[in-house]
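K.L.:
One file: final10.cif (mmCIF, C-alpha atoms).
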data_input
#
loop_
_atom_site.label_atom_id
_atom_site.label_comp_id
_atom_site.auth_asym_id
_atom_site.auth_seq_id
_atom_site.Cartn_x
_atom_site.Cartn_y
_atom_site.Cartn_z
CA MET L 1 2.92 91.62 -91.84
CA GLY L 2 0.42 94.51 -91.91
CA MET L 3 2.23 96.72 -94.41
CA LEU L 4 3.44 93.75 -96.47
CA GLY L 5 -0.12 92.39 -96.60
CA GLU L 6 -1.50 95.77 -97.66
CA PHE L 7 1.16 96.02 -100.36
CA LYS L 8 0.31 92.52 -101.61
CA THR L 9 -3.39 93.45 -101.76
CA PHE L 10 -2.57 96.68 -103.57
CA ILE L 11 -0.42 94.96 -106.19
CA ALA L 12 -2.93 92.12 -106.68
CA ARG L 13 -5.67 94.53 -107.80
CA GLY L 14 -6.44 94.14 -111.46
CA ASN L 15 -6.34 97.83 -112.27
CA VAL L 16 -2.81 98.23 -110.87
CA LEU L 17 -1.56 95.40 -113.05
CA ASP L 18 -3.43 96.81 -116.05
CA LEU L 19 -1.82 100.19 -115.42
CA ALA L 20 1.64 98.63 -115.20
CA VAL L 21 1.13 96.77 -118.47
CA GLY L 22 -0.20 99.95 -120.08
CA VAL L 23 2.82 101.98 -118.98
CA ILE L 24 5.27 99.36 -120.26
CA ILE L 25 3.49 98.99 -123.61
CA GLY L 26 3.12 102.77 -123.86
CA ALA L 27 6.85 103.30 -123.35
CA ALA L 28 7.68 100.71 -125.99
CA PHE L 29 5.11 102.17 -128.36
CA GLY L 30 6.56 105.64 -127.79
CA LYS L 31 9.95 104.37 -128.96
CA VAL L 32 8.35 102.90 -132.08
CA VAL L 33 6.63 106.20 -132.86
CA THR L 34 9.85 108.14 -132.25
CA SER L 35 11.71 105.83 -134.61
CA LEU L 36 8.95 106.15 -137.22
CA THR L 37 9.04 109.93 -136.97
CA GLU L 38 12.82 110.34 -136.99
CA SER L 39 13.67 107.59 -139.49
CA VAL L 40 10.74 107.70 -141.91
CA ILE L 41 8.48 110.74 -141.66
CA MET L 42 10.92 113.59 -141.01
CA PRO L 43 13.31 112.57 -143.82
CA VAL L 44 10.33 112.58 -146.21
CA VAL L 45 9.23 115.97 -144.87
CA GLY L 46 12.81 117.20 -145.28
CA PHE L 47 12.95 115.89 -148.83
CA VAL L 48 9.63 117.53 -149.73
CA SER L 49 10.75 120.82 -148.15
CA GLY L 50 13.95 120.95 -150.21
CA GLY L 51 16.32 118.67 -148.30
CA LYS L 52 16.15 120.38 -144.92
CA ASP L 53 17.47 118.40 -141.99
CA PHE L 54 15.09 119.30 -139.17
CA THR L 55 17.52 118.08 -136.50
CA ASN L 56 19.89 120.92 -137.37
CA LEU L 57 17.36 123.74 -137.24
CA PHE L 58 18.31 125.92 -134.29
CA ILE L 59 19.05 129.44 -133.18
CA GLN L 60 22.37 129.83 -131.42
CA LEU L 61 22.12 132.12 -128.41
CA GLY L 62 25.51 131.74 -126.77
CA ASP L 63 29.10 131.92 -127.94
CA LEU L 64 31.18 128.88 -128.76
CA PRO L 65 33.49 127.71 -125.99
CA ALA L 66 37.20 128.35 -126.57
CA ASP L 67 37.95 124.61 -126.65
CA PHE L 68 35.11 123.75 -129.10
CA LYS L 69 36.27 121.18 -131.67
CA GLY L 70 32.99 120.17 -133.32
CA ASP L 71 30.97 121.41 -136.26
CA ALA L 72 29.51 124.86 -135.57
CA ALA L 73 26.50 124.00 -137.79
CA SER L 74 25.70 120.78 -135.91
CA TYR L 75 22.99 120.97 -133.27
CA ALA L 76 24.28 117.80 -131.61
CA ASP L 77 27.87 119.10 -131.38
CA LEU L 78 26.79 122.47 -130.02
CA LYS L 79 24.44 120.85 -127.52
CA ALA L 80 27.20 118.52 -126.33
CA ALA L 81 29.45 121.55 -125.85
CA GLY L 82 26.80 123.25 -123.72
CA VAL L 83 26.13 126.16 -126.08
CA ALA L 84 22.85 127.97 -125.36
CA MET L 85 20.47 127.33 -128.28
CA ILE L 86 16.82 127.15 -129.25
CA GLY L 87 16.40 123.84 -131.08
CA TYR L 88 13.18 124.47 -132.95
CA GLY L 89 13.87 121.62 -135.42
CA ASP L 90 13.84 119.13 -132.55
CA PHE L 91 10.66 120.79 -131.27
CA ILE L 92 8.98 120.31 -134.67
CA THR L 93 10.00 116.64 -134.61
CA GLN L 94 8.54 116.20 -131.12
CA ILE L 95 5.27 117.85 -132.21
CA VAL L 96 5.02 115.39 -135.12
CA ASN L 97 5.72 112.54 -132.65
CA PHE L 98 2.94 113.79 -130.39
CA VAL L 99 0.41 114.13 -133.21
CA ILE L 100 1.12 110.60 -134.46
CA LEU L 101 0.94 109.15 -130.95
CA ALA L 102 -2.28 111.04 -130.15
CA PHE L 103 -3.87 109.87 -133.41
CA VAL L 104 -2.95 106.23 -132.77
CA VAL L 105 -4.29 106.43 -129.20
CA PHE L 106 -7.49 107.97 -130.61
CA LEU L 107 -7.84 105.03 -133.03
CA ILE L 108 -7.23 102.52 -130.22
CA VAL L 109 -9.84 104.16 -127.97
CA LYS L 110 -12.30 104.39 -130.85
CA GLY L 111 -11.80 100.69 -131.63
CA ALA L 112 -12.13 99.73 -127.97
CA ASN L 113 -15.34 101.74 -127.67
CA LYS L 114 -16.81 99.80 -130.61
CA VAL L 115 -15.85 96.49 -129.04
CA ILE L 116 -17.12 97.44 -125.59
CA ALA L 117 -20.11 99.37 -126.93
CA LYS L 118 -23.16 99.23 -124.73
CA PRO L 119 -26.16 97.56 -126.31
CA VAL L 120 -28.61 100.05 -127.70
CA GLU L 121 -31.71 100.12 -125.59
CA GLU L 122 -34.88 99.75 -127.56
CA ALA L 123 -37.56 102.35 -127.13
CA PRO L 124 -40.19 101.19 -124.68
CA ALA L 125 -43.17 99.60 -126.35
CA ALA L 126 -46.25 101.74 -126.64
CA PRO L 127 -48.72 100.97 -123.89
CA VAL L 128 -51.39 98.52 -124.93
CA GLY L 129 -54.82 100.06 -124.76
CA PRO L 130 -57.63 101.40 -126.84
CA SER L 131 -56.80 103.16 -130.07
CA GLU L 132 -57.55 106.82 -130.71
CA ILE L 133 -60.67 105.93 -132.64
CA GLU L 134 -61.96 103.77 -129.80
CA LEU L 135 -61.33 106.55 -127.28
CA LEU L 136 -63.12 109.10 -129.45
CA ALA L 137 -66.05 106.73 -129.84
CA GLU L 138 -66.24 106.32 -126.04
CA ILE L 139 -66.22 110.10 -125.55
CA ARG L 140 -68.94 110.50 -128.19
CA ASP L 141 -71.07 107.84 -126.56
CA ALA L 142 -70.58 109.39 -123.10
CA LEU L 143 -71.66 112.80 -124.41
CA LYS L 144 -74.74 111.32 -126.08
CA ALA L 145 -75.74 109.59 -122.83
CA LYS L 146 -75.53 112.85 -120.85
CA GLY L 147 -77.39 114.91 -123.37
#
Would you mind writing the file's structure down as structure tokens?
P.N.:
Amino acid sequence: MGMLGEFKTFIARGNVLDLAVGVIIGAAFGKVVTSLTESVIMPVVGFVSGGKDFTNLFIQLGDLPADFKGDAASYADLKAAGVAMIGYGDFITQIVNFVILAFVVFLIVKGANKVIAKPVEEAPAAPVGPSEIELLAEIRDALKAKG
């Protein structure tokens, strides 16, 4: 039961469970962001840029196979056929996905930092003692007594 017990202890740690929940929520959130980018943002960007479909922006490097029966202007068809291509439209879409995801994570961390903010420590109180005028008067009196 040594290894099983160690495994049980490992899994029961709070941070492992938190990590598991974070990974699951992160994967689901990634799908939401991908859907937002592909279904909402990129069509708007395409419309603003003159109706460009970013999914079909590519540079074909290889020749079409002899048995190719798809659309030669379709990135998806060429990719399925195994044609060598640089799909820079897909890359642009993934960059937009990343920027949105990074911004949302930034907002979440910023919000969490406000909630978990450490209390501001007050400046230590000035030491209680004689004022400057009282100290100067003491020095004056001490000098008079010596002289």
K.L.:
For a quick check of understanding, using all atoms listed in the file, which of L:Ile41, L:Met85, L:Ala28, L:Leu101 has the smallest distance to Asn56 in chain L?
P.N.:
L:Met85
K.L.:
Separation of CA of Met42 in chain L and CA of Ile95 in chain L, in Å?
P.N.:
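Taking CA of Met42 in chain L and CA of Ile95 in chain L, their separation equals 11.3 Å.
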K.L.:
May I have the residues within 10 Å of Asp67 in chain L as a PyMOL selection string, using only C-alpha atoms and disregarding those fewer than 3 positions away in the same chain?
P.N.:
chain L and resi 64+70+81
K.L.:
Evaluated on this file, the PyMOL selection byres ((chain L and resi 60) around 8) picks out some residues - which ones are they, written as JSON, numbers by chain?
P.N.:
{"L": [58, 59, 61, 62, 63, 83, 84, 85, 86]}
K.L.:
What gap, in Å, lies between CA of Glu38 in chain L and CA of Lys52 in chain L?
P.N.:
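Separating CA of Glu38 in chain L from CA of Lys52 in chain L is a distance of 13.2 Å.
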K.L.:
As an exercise, work out the distance from CA of Gly30 in chain L to CA of Thr55 in chain L in Å and give it to one decimal place.
P.N.:
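According to the coordinates, CA of Gly30 in chain L and CA of Thr55 in chain L are separated by 18.7 Å.
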K.L.:
Residues picked by the PyMOL selection byres ((chain L and resi 94) around 12) here, as a PDB file with C-alpha atoms, keeping the file's coordinate frame?
P.N.:
ATOM      1  CA  GLY L  30       6.560 105.640-127.790  1.00  0.00           C
ATOM      2  CA  VAL L  33       6.630 106.200-132.860  1.00  0.00           C
ATOM      3  CA  THR L  34       9.850 108.140-132.250  1.00  0.00           C
ATOM      4  CA  SER L  35      11.710 105.830-134.610  1.00  0.00           C
ATOM      5  CA  LEU L  36       8.950 106.150-137.220  1.00  0.00           C
ATOM      6  CA  THR L  37       9.040 109.930-136.970  1.00  0.00           C
ATOM      7  CA  GLU L  38      12.820 110.340-136.990  1.00  0.00           C
ATOM      8  CA  ILE L  41       8.480 110.740-141.660  1.00  0.00           C
ATOM      9  CA  MET L  42      10.920 113.590-141.010  1.00  0.00           C
ATOM     10  CA  PHE L  54      15.090 119.300-139.170  1.00  0.00           C
ATOM     11  CA  THR L  55      17.520 118.080-136.500  1.00  0.00           C
ATOM     12  CA  GLY L  87      16.400 123.840-131.080  1.00  0.00           C
ATOM     13  CA  TYR L  88      13.180 124.470-132.950  1.00  0.00           C
ATOM     14  CA  GLY L  89      13.870 121.620-135.420  1.00  0.00           C
ATOM     15  CA  ASP L  90      13.840 119.130-132.550  1.00  0.00           C
ATOM     16  CA  PHE L  91      10.660 120.790-131.270  1.00  0.00           C
ATOM     17  CA  ILE L  92       8.980 120.310-134.670  1.00  0.00           C
ATOM     18  CA  THR L  93      10.000 116.640-134.610  1.00  0.00           C
ATOM     19  CA  ILE L  95       5.270 117.850-132.210  1.00  0.00           C
ATOM     20  CA  VAL L  96       5.020 115.390-135.120  1.00  0.00           C
ATOM     21  CA  ASN L  97       5.720 112.540-132.650  1.00  0.00           C
ATOM     22  CA  PHE L  98       2.940 113.790-130.390  1.00  0.00           C
ATOM     23  CA  VAL L  99       0.410 114.130-133.210  1.00  0.00           C
ATOM     24  CA  ILE L 100       1.120 110.600-134.460  1.00  0.00           C
ATOM     25  CA  LEU L 101       0.940 109.150-130.950  1.00  0.00           C
TER      26      LEU L 101
END
K.L.:
Taking all atoms of range 50-57 of chain L that the file lists and extending 6 Å past them on each side, where is the centre of the axis-aligned box and how long are its edges? Answer in Å to one decimal, as lines of an AutoDock Vina configuration file.
P.N.:
center_x = 16.9
center_y = 120.9
center_z = -143.4
size_x = 17.9
size_y = 17.7
size_z = 25.7
